[in-house]
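Below is the file structure_26.cif, which contains mmCIF, C-alpha atoms and all ligand atoms.
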data_coords
#
loop_
_atom_site.group_PDB
_atom_site.id
_atom_site.type_symbol
_atom_site.label_atom_id
_atom_site.label_comp_id
_atom_site.auth_asym_id
_atom_site.auth_seq_id
_atom_site.Cartn_x
_atom_site.Cartn_y
_atom_site.Cartn_z
ATOM 1 C CA MET S 1 104.952 108.603 109.206
ATOM 2 C CA ALA S 2 102.427 111.349 108.650
ATOM 3 C CA PHE S 3 98.790 110.524 108.030
ATOM 4 C CA GLU S 4 97.258 111.483 104.690
ATOM 5 C CA LEU S 5 93.792 112.392 103.451
ATOM 6 C CA PRO S 6 92.424 109.309 101.643
ATOM 7 C CA LYS S 7 91.177 109.773 98.087
ATOM 8 C CA LEU S 8 87.502 109.129 97.425
ATOM 9 C CA ASN S 9 86.535 106.233 95.152
ATOM 10 C CA TYR S 10 83.873 108.447 93.561
ATOM 11 C CA ALA S 11 83.340 112.064 92.500
ATOM 12 C CA TYR S 12 81.985 114.735 94.849
ATOM 13 C CA THR S 13 78.842 114.782 92.675
ATOM 14 C CA ALA S 14 78.363 111.008 92.819
ATOM 15 C CA LEU S 15 76.102 110.810 95.871
ATOM 16 C CA GLU S 16 73.621 113.426 94.660
ATOM 17 C CA PRO S 17 70.777 114.038 95.252
ATOM 18 C CA HIS S 18 71.140 112.365 98.648
ATOM 19 C CA ILE S 19 74.383 114.126 99.584
ATOM 20 C CA ASP S 20 75.190 117.197 97.509
ATOM 21 C CA ALA S 21 78.542 117.877 95.838
ATOM 22 C CA ARG S 22 79.298 121.088 97.759
ATOM 23 C CA THR S 23 78.804 119.315 101.098
ATOM 24 C CA MET S 24 81.054 116.456 99.959
ATOM 25 C CA GLU S 25 83.739 118.862 98.726
ATOM 26 C CA ILE S 26 83.874 120.827 101.982
ATOM 27 C CA HIS S 27 83.433 117.753 104.183
ATOM 28 C CA HIS S 28 86.265 115.798 102.557
ATOM 29 C CA GLY S 29 88.534 118.564 101.321
ATOM 30 C CA LYS S 30 88.255 120.927 104.297
ATOM 31 C CA HIS S 31 86.910 119.162 107.409
ATOM 32 C CA HIS S 32 88.634 115.799 106.965
ATOM 33 C CA GLN S 33 91.811 117.495 105.711
ATOM 34 C CA ALA S 34 91.836 119.623 108.866
ATOM 35 C CA TYR S 35 91.603 116.520 111.090
ATOM 36 C CA VAL S 36 94.576 115.007 109.239
ATOM 37 C CA THR S 37 96.631 118.216 109.377
ATOM 38 C CA ASN S 38 95.875 118.792 113.061
ATOM 39 C CA LEU S 39 96.505 115.135 113.971
ATOM 40 C CA ASN S 40 99.913 115.229 112.291
ATOM 41 C CA ALA S 41 100.759 118.451 114.126
ATOM 42 C CA ALA S 42 99.646 116.969 117.466
ATOM 43 C CA ILE S 43 101.768 113.807 117.185
ATOM 44 C CA SER S 44 104.801 115.298 115.421
ATOM 45 C CA GLY S 45 108.012 114.593 117.319
ATOM 46 C CA THR S 46 106.283 112.407 119.951
ATOM 47 C CA GLU S 47 106.063 108.653 120.638
ATOM 48 C CA MET S 48 102.554 108.766 119.146
ATOM 49 C CA GLU S 49 104.090 109.017 115.663
ATOM 50 C CA LYS S 50 104.911 105.302 115.853
ATOM 51 C CA LEU S 51 101.304 104.222 116.445
ATOM 52 C CA SER S 52 98.793 103.050 113.886
ATOM 53 C CA LEU S 53 95.453 104.820 114.014
ATOM 54 C CA GLU S 54 93.884 101.696 115.569
ATOM 55 C CA GLN S 55 96.575 101.507 118.268
ATOM 56 C CA MET S 56 96.009 105.183 118.988
ATOM 57 C CA MET S 57 92.242 104.665 119.385
ATOM 58 C CA ALA S 58 92.737 101.720 121.760
ATOM 59 C CA THR S 59 94.842 103.806 124.165
ATOM 60 C CA ILE S 60 93.347 107.233 123.451
ATOM 61 C CA SER S 61 92.739 108.069 127.126
ATOM 62 C CA LYS S 62 96.536 108.471 127.510
ATOM 63 C CA TYR S 63 96.798 111.181 124.867
ATOM 64 C CA PRO S 64 95.891 114.875 124.579
ATOM 65 C CA ALA S 65 92.439 116.054 123.478
ATOM 66 C CA ALA S 66 93.856 117.164 120.105
ATOM 67 C CA VAL S 67 94.801 113.543 119.354
ATOM 68 C CA ARG S 68 91.428 112.213 120.504
ATOM 69 C CA ASN S 69 89.490 114.758 118.435
ATOM 70 C CA ASN S 70 91.599 114.745 115.275
ATOM 71 C CA GLY S 71 92.632 111.071 115.383
ATOM 72 C CA GLY S 72 88.985 110.130 115.871
ATOM 73 C CA GLY S 73 88.007 112.525 113.099
ATOM 74 C CA HIS S 74 90.504 110.935 110.719
ATOM 75 C CA TYR S 75 89.449 107.364 111.567
ATOM 76 C CA ASN S 76 85.714 108.096 111.452
ATOM 77 C CA HIS S 77 85.735 109.946 108.141
ATOM 78 C CA SER S 78 88.039 107.405 106.476
ATOM 79 C CA LEU S 79 85.420 104.737 107.272
ATOM 80 C CA PHE S 80 82.513 107.032 106.319
ATOM 81 C CA TRP S 81 83.746 107.591 102.731
ATOM 82 C CA GLU S 82 84.266 103.856 102.269
ATOM 83 C CA ILE S 83 80.828 102.729 103.346
ATOM 84 C CA MET S 84 79.064 105.077 100.911
ATOM 85 C CA SER S 85 78.753 104.522 97.168
ATOM 86 C CA PRO S 86 76.742 105.929 94.247
ATOM 87 C CA ASP S 87 75.509 102.470 93.224
ATOM 88 C CA ALA S 88 74.309 101.512 96.634
ATOM 89 C CA GLY S 89 71.395 101.794 98.996
ATOM 90 C CA GLY S 90 68.750 99.140 99.144
ATOM 91 C CA LEU S 91 68.894 96.279 101.588
ATOM 92 C CA PRO S 92 71.874 94.725 103.367
ATOM 93 C CA VAL S 93 73.532 91.817 101.568
ATOM 94 C CA GLY S 94 75.398 88.663 102.528
ATOM 95 C CA GLU S 95 76.241 87.495 106.016
ATOM 96 C CA VAL S 96 75.715 90.915 107.616
ATOM 97 C CA ALA S 97 72.127 90.886 106.325
ATOM 98 C CA ALA S 98 71.540 87.537 108.044
ATOM 99 C CA ALA S 99 73.151 88.825 111.255
ATOM 100 C CA ILE S 100 70.967 91.973 111.217
ATOM 101 C CA ASP S 101 67.903 89.721 110.894
ATOM 102 C CA LYS S 102 69.027 87.366 113.641
ATOM 103 C CA GLU S 103 70.609 89.749 116.144
ATOM 104 C CA LEU S 104 68.978 93.142 115.568
ATOM 105 C CA GLY S 105 65.382 92.207 114.817
ATOM 106 C CA GLY S 106 65.523 92.649 111.037
ATOM 107 C CA PHE S 107 66.340 95.517 108.693
ATOM 108 C CA ASP S 108 63.379 97.762 109.548
ATOM 109 C CA LYS S 109 64.082 97.539 113.280
ATOM 110 C CA PHE S 110 67.811 98.101 112.672
ATOM 111 C CA LYS S 111 67.141 101.157 110.483
ATOM 112 C CA ALA S 112 64.796 102.657 113.076
ATOM 113 C CA ASP S 113 67.295 102.012 115.892
ATOM 114 C CA PHE S 114 70.229 103.388 113.871
ATOM 115 C CA ILE S 115 68.313 106.557 112.975
ATOM 116 C CA GLN S 116 67.175 106.857 116.587
ATOM 117 C CA ALA S 117 70.834 106.628 117.701
ATOM 118 C CA GLY S 118 71.682 109.518 115.372
ATOM 119 C CA ALA S 119 68.594 111.547 116.257
ATOM 120 C CA THR S 120 69.153 111.347 120.010
ATOM 121 C CA ARG S 121 72.852 112.282 119.820
ATOM 122 C CA PHE S 122 72.647 115.851 121.121
ATOM 123 C CA GLY S 123 75.003 118.215 119.328
ATOM 124 C CA SER S 124 77.656 116.492 117.233
ATOM 125 C CA GLY S 125 78.600 112.847 116.938
ATOM 126 C CA TRP S 126 78.180 109.572 115.125
ATOM 127 C CA ALA S 127 75.800 106.614 114.931
ATOM 128 C CA TRP S 128 77.428 103.199 114.561
ATOM 129 C CA LEU S 129 76.827 99.601 113.609
ATOM 130 C CA CYS S 130 79.553 97.604 115.367
ATOM 131 C CA VAL S 131 80.814 94.092 115.796
ATOM 132 C CA LYS S 132 81.236 93.552 119.534
ATOM 133 C CA ALA S 133 84.034 91.507 121.106
ATOM 134 C CA ASP S 134 81.696 88.474 121.273
ATOM 135 C CA GLY S 135 81.099 88.711 117.501
ATOM 136 C CA THR S 136 77.529 89.989 117.688
ATOM 137 C CA LEU S 137 76.247 93.262 116.230
ATOM 138 C CA CYS S 138 75.187 96.364 118.134
ATOM 139 C CA VAL S 139 73.897 99.860 117.328
ATOM 140 C CA CYS S 140 75.097 102.826 119.357
ATOM 141 C CA SER S 141 76.325 106.396 119.155
ATOM 142 C CA THR S 142 79.293 108.416 120.397
ATOM 143 C CA PRO S 143 79.783 112.179 120.899
ATOM 144 C CA ASN S 144 82.048 114.496 118.890
ATOM 145 C CA GLN S 145 84.765 112.512 117.047
ATOM 146 C CA ASP S 146 84.858 109.638 119.535
ATOM 147 C CA ASN S 147 84.266 106.109 118.256
ATOM 148 C CA PRO S 148 83.706 102.610 119.684
ATOM 149 C CA LEU S 149 87.386 101.693 119.234
ATOM 150 C CA MET S 150 88.362 104.208 121.907
ATOM 151 C CA ASP S 151 89.175 102.808 125.340
ATOM 152 C CA LEU S 152 87.075 105.553 126.945
ATOM 153 C CA ALA S 153 83.955 105.024 124.799
ATOM 154 C CA ASP S 154 80.652 104.051 126.433
ATOM 155 C CA CYS S 155 79.934 101.635 123.602
ATOM 156 C CA LYS S 156 82.752 99.384 122.460
ATOM 157 C CA GLY S 157 83.226 97.402 119.288
ATOM 158 C CA GLN S 158 84.614 97.430 115.784
ATOM 159 C CA PRO S 159 82.612 99.906 113.652
ATOM 160 C CA ILE S 160 81.526 98.531 110.261
ATOM 161 C CA LEU S 161 79.079 101.343 109.424
ATOM 162 C CA GLY S 162 79.172 104.929 110.671
ATOM 163 C CA MET S 163 76.872 107.878 110.047
ATOM 164 C CA ASP S 164 78.206 111.377 110.666
ATOM 165 C CA VAL S 165 75.530 113.506 112.356
ATOM 166 C CA TRP S 166 77.617 116.677 112.717
ATOM 167 C CA GLU S 167 75.786 119.608 111.116
ATOM 168 C CA HIS S 168 78.664 119.967 108.621
ATOM 169 C CA ALA S 169 77.541 116.616 107.143
ATOM 170 C CA TYR S 170 74.124 117.905 106.096
ATOM 171 C CA TYR S 171 73.483 121.589 106.862
ATOM 172 C CA LEU S 172 73.974 123.048 103.337
ATOM 173 C CA ASN S 173 71.349 120.769 101.818
ATOM 174 C CA TYR S 174 69.096 119.848 104.740
ATOM 175 C CA GLN S 175 69.616 122.805 107.149
ATOM 176 C CA ASN S 176 68.277 121.664 110.537
ATOM 177 C CA ARG S 177 66.502 118.579 109.147
ATOM 178 C CA ARG S 178 68.805 115.860 110.495
ATOM 179 C CA PRO S 179 66.082 113.163 110.096
ATOM 180 C CA ASP S 180 65.800 113.899 106.346
ATOM 181 C CA TYR S 181 69.572 113.577 105.967
ATOM 182 C CA MET S 182 69.639 110.321 107.926
ATOM 183 C CA ASN S 183 66.909 108.796 105.785
ATOM 184 C CA ALA S 184 68.756 109.927 102.628
ATOM 185 C CA PHE S 185 71.967 108.366 103.963
ATOM 186 C CA PHE S 186 70.305 104.957 103.694
ATOM 187 C CA ASN S 187 70.187 105.483 99.893
ATOM 188 C CA VAL S 188 74.001 105.602 99.681
ATOM 189 C CA ILE S 189 75.062 102.864 102.130
ATOM 190 C CA ASN S 190 77.484 100.486 100.415
ATOM 191 C CA TRP S 191 76.223 97.244 101.968
ATOM 192 C CA LYS S 192 78.733 95.187 99.983
ATOM 193 C CA LYS S 193 81.528 97.048 101.775
ATOM 194 C CA VAL S 194 79.759 96.800 105.142
ATOM 195 C CA ASN S 195 79.486 93.036 104.620
ATOM 196 C CA GLU S 196 83.215 92.852 103.771
ATOM 197 C CA LEU S 197 84.034 94.647 107.019
ATOM 198 C CA TYR S 198 81.648 92.378 108.940
ATOM 199 C CA LEU S 199 83.400 89.261 107.601
ATOM 200 C CA LYS S 200 86.811 90.802 108.347
ATOM 201 C CA TYR S 201 86.078 91.623 111.967
ATOM 202 C CA LYS S 202 83.597 88.964 113.072
ATOM 203 C CA LYS S 203 85.328 86.344 115.179
HETATM 204 MN MN MN3 Z 1 82.194 115.060 109.449
#

Could you render the structure as structure tokens?
Amino acid sequence: MAFELPKLNYAYTALEPHIDARTMEIHHGKHHQAYVTNLNAAISGTEMEKLSLEQMMATISKYPAAVRNNGGGHYNHSLFWEIMSPDAGGLPVGEVAAAIDKELGGFDKFKADFIQAGATRFGSGWAWLCVKADGTLCVCSTPNQDNPLMDLADCKGQPILGMDVWEHAYYLNYQNRRPDYMNAFFNVINWKKVNELYLKYKK
């Protein structure tokens, strides 16, 4: 079964002024669509067609670079659209808020560490908040379209929040100012959704 570009739950304009409509339109309609198209082309007619995206990530070291890059791109962006919302921002809610306080030193420390993870990712990549195998939270980053579900990743876990720090995520509005974009991203984080994912994946 071929993978498909997921629809957004909000309009391209909905995250303004933090993320502008033109960036959203190109990011979703062009970049993410290209990952989906290229992933489908890479797995067409192979055994990989039978795998779920999660199964593919877990054994990604066995597969060609096109599957790693485009499969990761499809997984990462699908999560990214879900954990943003126009009526969002503010502080974490629910059980994930308590876990951030207990395990990551509180919201301010988490935010600083998360932004630091994005800022120190040279070139392109992602910053993550993950649930580790032992059920605790961690902050880390991965290069390119890798993610912590991949068997070859340096940091492993189930991502429940991801921030895209590729230039295509912010360049039209913020040019080279990645820190400004990362701070603005905190105004659109859908903490209700992040908490749902935390409850789903925490052991
Ligand atoms: Mn992107």

* Asked: Written as JSON, numbers by chain, which residues does the PyMOL selection byres (((chain S and resi 70) around 8) and not hetatm) give for the file shown?
  -> {"S": [35, 36, 38, 39, 66, 67, 68, 69, 71, 72, 73, 74, 145]}

* S:Ala65, S:Ala21, S:Ala42, S:Val96: which is nearest Leu197 (chain S), counting all atoms listed in the file? ->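 Of S:Ala65, S:Ala21, S:Ala42, S:Val96, the one nearest Leu197 (chain S) is S:Val96, counting all atoms listed in the file.
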
* Determine the residue membership of the PyMOL selection byres (((chain S and resi 136) around 10) and not hetatm) for the file above and supply it as an NGL selection string. => :S and (99-100 or 102-104 or 130-135 or 137-138 or 157 or 198 or 202-203)

* Between CA of Ala184 (chain S) and CA of Ala88 (chain S), what is the distance, to one decimal in Å? -> 11.7 Å

If you take only C-alpha atoms and all ligand atoms and a cut-off of 10 Å, which residues of chain S touch ligand MN3 1 (chain Z), and what are their nearest atom pairs and distances in Å to one decimal, in chain and number order, as a Markdown table?
| residue | atom | partner | partner_atom | distance |
| --- | --- | --- | --- | --- |
| S:Thr23 | CA | Z:MN3_1 | MN | 10.0 |
| S:Met24 | CA | Z:MN3_1 | MN | 9.7 |
| S:Ile26 | CA | Z:MN3_1 | MN | 9.6 |
| S:His27 | CA | Z:MN3_1 | MN | 6.0 |
| S:His28 | CA | Z:MN3_1 | MN | 8.0 |
| S:Lys30 | CA | Z:MN3_1 | MN | 9.9 |
| S:His31 | CA | Z:MN3_1 | MN | 6.6 |
| S:His32 | CA | Z:MN3_1 | MN | 6.9 |
| S:Tyr35 | CA | Z:MN3_1 | MN | 9.7 |
| S:Gly73 | CA | Z:MN3_1 | MN | 7.3 |
| S:His74 | CA | Z:MN3_1 | MN | 9.4 |
| S:Asn76 | CA | Z:MN3_1 | MN | 8.1 |
| S:His77 | CA | Z:MN3_1 | MN | 6.4 |
| S:Phe80 | CA | Z:MN3_1 | MN | 8.6 |
| S:Ser124 | CA | Z:MN3_1 | MN | 9.1 |
| S:Gly125 | CA | Z:MN3_1 | MN | 8.6 |
| S:Trp126 | CA | Z:MN3_1 | MN | 8.9 |
| S:Asn144 | CA | Z:MN3_1 | MN | 9.5 |
| S:Gln145 | CA | Z:MN3_1 | MN | 8.4 |
| S:Met163 | CA | Z:MN3_1 | MN | 9.0 |
| S:Asp164 | CA | Z:MN3_1 | MN | 5.6 |
| S:Val165 | CA | Z:MN3_1 | MN | 7.4 |
| S:Trp166 | CA | Z:MN3_1 | MN | 5.9 |
| S:Glu167 | CA | Z:MN3_1 | MN | 8.0 |
| S:His168 | CA | Z:MN3_1 | MN | 6.1 |
| S:Ala169 | CA | Z:MN3_1 | MN | 5.4 |
| S:Tyr170 | CA | Z:MN3_1 | MN | 9.2 |

* Just so the selection is clear, what residues does the PyMOL selection byres (((chain S and resi 2) around 10) and not hetatm) cover here, as a list in words? ->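 For this structure, the PyMOL selection byres (((chain S and resi 2) around 10) and not hetatm) resolves to Met1, Phe3, Glu4, Val36, Thr37, Leu39, Asn40, Ala41, Ile43, Ser44, Glu49 and Lys50 of chain S.
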
Grab region 19-101 of chain S from that structure and dump C-alpha atoms to a file, as a PDB file, in the first residue's frame.
ATOM      1  CA  ILE S  19       4.977  30.180  11.042  1.00  0.00           C
ATOM      2  CA  ASP S  20       3.907  31.931   7.851  1.00  0.00           C
ATOM      3  CA  ALA S  21       1.434  30.526   5.320  1.00  0.00           C
ATOM      4  CA  ARG S  22       3.886  30.401   2.398  1.00  0.00           C
ATOM      5  CA  THR S  23       6.366  28.353   4.446  1.00  0.00           C
ATOM      6  CA  MET S  24       3.581  25.981   5.521  1.00  0.00           C
ATOM      7  CA  GLU S  25       2.315  25.611   1.946  1.00  0.00           C
ATOM      8  CA  ILE S  26       5.737  24.753   0.521  1.00  0.00           C
ATOM      9  CA  HIS S  27       6.777  22.664   3.527  1.00  0.00           C
ATOM     10  CA  HIS S  28       3.656  20.485   3.487  1.00  0.00           C
ATOM     11  CA  GLY S  29       2.663  20.587  -0.164  1.00  0.00           C
ATOM     12  CA  LYS S  30       6.131  20.352  -1.724  1.00  0.00           C
ATOM     13  CA  HIS S  31       8.736  19.061   0.758  1.00  0.00           C
ATOM     14  CA  HIS S  32       6.581  16.523   2.600  1.00  0.00           C
ATOM     15  CA  GLN S  33       4.874  15.486  -0.648  1.00  0.00           C
ATOM     16  CA  ALA S  34       8.305  14.831  -2.160  1.00  0.00           C
ATOM     17  CA  TYR S  35       9.277  12.561   0.761  1.00  0.00           C
ATOM     18  CA  VAL S  36       6.057  10.580   0.254  1.00  0.00           C
ATOM     19  CA  THR S  37       6.480  10.355  -3.529  1.00  0.00           C
ATOM     20  CA  ASN S  38      10.142   9.355  -3.273  1.00  0.00           C
ATOM     21  CA  LEU S  39       9.469   6.843  -0.472  1.00  0.00           C
ATOM     22  CA  ASN S  40       6.772   5.147  -2.543  1.00  0.00           C
ATOM     23  CA  ALA S  41       9.119   5.000  -5.532  1.00  0.00           C
ATOM     24  CA  ALA S  42      11.929   3.546  -3.391  1.00  0.00           C
ATOM     25  CA  ILE S  43       9.833   0.714  -1.919  1.00  0.00           C
ATOM     26  CA  SER S  44       7.670  -0.052  -4.963  1.00  0.00           C
ATOM     27  CA  GLY S  45       7.873  -3.715  -5.939  1.00  0.00           C
ATOM     28  CA  THR S  46      10.066  -4.661  -2.940  1.00  0.00           C
ATOM     29  CA  GLU S  47       9.486  -6.464   0.381  1.00  0.00           C
ATOM     30  CA  MET S  48       9.549  -3.035   2.049  1.00  0.00           C
ATOM     31  CA  GLU S  49       6.045  -2.362   0.698  1.00  0.00           C
ATOM     32  CA  LYS S  50       4.659  -4.686   3.378  1.00  0.00           C
ATOM     33  CA  LEU S  51       6.161  -2.730   6.284  1.00  0.00           C
ATOM     34  CA  SER S  52       4.496  -0.082   8.393  1.00  0.00           C
ATOM     35  CA  LEU S  53       6.450   3.138   8.729  1.00  0.00           C
ATOM     36  CA  GLU S  54       7.338   2.197  12.330  1.00  0.00           C
ATOM     37  CA  GLN S  55       8.601  -1.246  11.276  1.00  0.00           C
ATOM     38  CA  MET S  56      10.665   0.420   8.570  1.00  0.00           C
ATOM     39  CA  MET S  57      12.246   2.836  11.075  1.00  0.00           C
ATOM     40  CA  ALA S  58      13.129   0.012  13.484  1.00  0.00           C
ATOM     41  CA  THR S  59      15.118  -1.857  10.816  1.00  0.00           C
ATOM     42  CA  ILE S  60      16.206   1.109   8.694  1.00  0.00           C
ATOM     43  CA  SER S  61      19.892   0.114   8.652  1.00  0.00           C
ATOM     44  CA  LYS S  62      18.936  -2.762   6.297  1.00  0.00           C
ATOM     45  CA  TYR S  63      17.460  -0.478   3.652  1.00  0.00           C
ATOM     46  CA  PRO S  64      18.785   1.951   1.026  1.00  0.00           C
ATOM     47  CA  ALA S  65      19.521   5.607   1.807  1.00  0.00           C
ATOM     48  CA  ALA S  66      16.445   6.688  -0.189  1.00  0.00           C
ATOM     49  CA  VAL S  67      14.230   4.776   2.262  1.00  0.00           C
ATOM     50  CA  ARG S  68      16.043   6.172   5.301  1.00  0.00           C
ATOM     51  CA  ASN S  69      15.831   9.759   4.034  1.00  0.00           C
ATOM     52  CA  ASN S  70      12.304   9.726   2.622  1.00  0.00           C
ATOM     53  CA  GLY S  71      10.782   7.300   5.147  1.00  0.00           C
ATOM     54  CA  GLY S  72      12.255   9.398   7.949  1.00  0.00           C
ATOM     55  CA  GLY S  73      11.025  12.543   6.227  1.00  0.00           C
ATOM     56  CA  HIS S  74       7.500  11.149   5.995  1.00  0.00           C
ATOM     57  CA  TYR S  75       7.434   9.975   9.628  1.00  0.00           C
ATOM     58  CA  ASN S  76       8.978  13.163  11.024  1.00  0.00           C
ATOM     59  CA  HIS S  77       6.726  15.586   9.168  1.00  0.00           C
ATOM     60  CA  SER S  78       3.574  13.570   9.899  1.00  0.00           C
ATOM     61  CA  LEU S  79       4.350  13.993  13.619  1.00  0.00           C
ATOM     62  CA  PHE S  80       5.382  17.650  13.185  1.00  0.00           C
ATOM     63  CA  TRP S  81       2.005  18.736  11.730  1.00  0.00           C
ATOM     64  CA  GLU S  82       0.161  16.952  14.532  1.00  0.00           C
ATOM     65  CA  ILE S  83       2.003  18.521  17.429  1.00  0.00           C
ATOM     66  CA  MET S  84       1.344  22.072  16.201  1.00  0.00           C
ATOM     67  CA  SER S  85      -1.962  23.915  16.499  1.00  0.00           C
ATOM     68  CA  PRO S  86      -3.264  27.484  16.146  1.00  0.00           C
ATOM     69  CA  ASP S  87      -4.844  27.417  19.615  1.00  0.00           C
ATOM     70  CA  ALA S  88      -1.766  26.220  21.370  1.00  0.00           C
ATOM     71  CA  GLY S  89       1.462  27.371  22.921  1.00  0.00           C
ATOM     72  CA  GLY S  90       1.693  28.139  26.584  1.00  0.00           C
ATOM     73  CA  LEU S  91       2.795  25.581  29.118  1.00  0.00           C
ATOM     74  CA  PRO S  92       2.699  21.783  28.967  1.00  0.00           C
ATOM     75  CA  VAL S  93      -0.451  20.161  30.342  1.00  0.00           C
ATOM     76  CA  GLY S  94      -1.375  16.912  32.058  1.00  0.00           C
ATOM     77  CA  GLU S  95       0.935  14.047  32.891  1.00  0.00           C
ATOM     78  CA  VAL S  96       3.659  15.136  30.458  1.00  0.00           C
ATOM     79  CA  ALA S  97       3.877  18.465  32.306  1.00  0.00           C
ATOM     80  CA  ALA S  98       4.463  16.605  35.578  1.00  0.00           C
ATOM     81  CA  ALA S  99       7.068  14.363  33.918  1.00  0.00           C
ATOM     82  CA  ILE S 100       8.905  17.393  32.462  1.00  0.00           C
ATOM     83  CA  ASP S 101       9.020  18.884  35.972  1.00  0.00           C
TER      84      ASP S 101
END
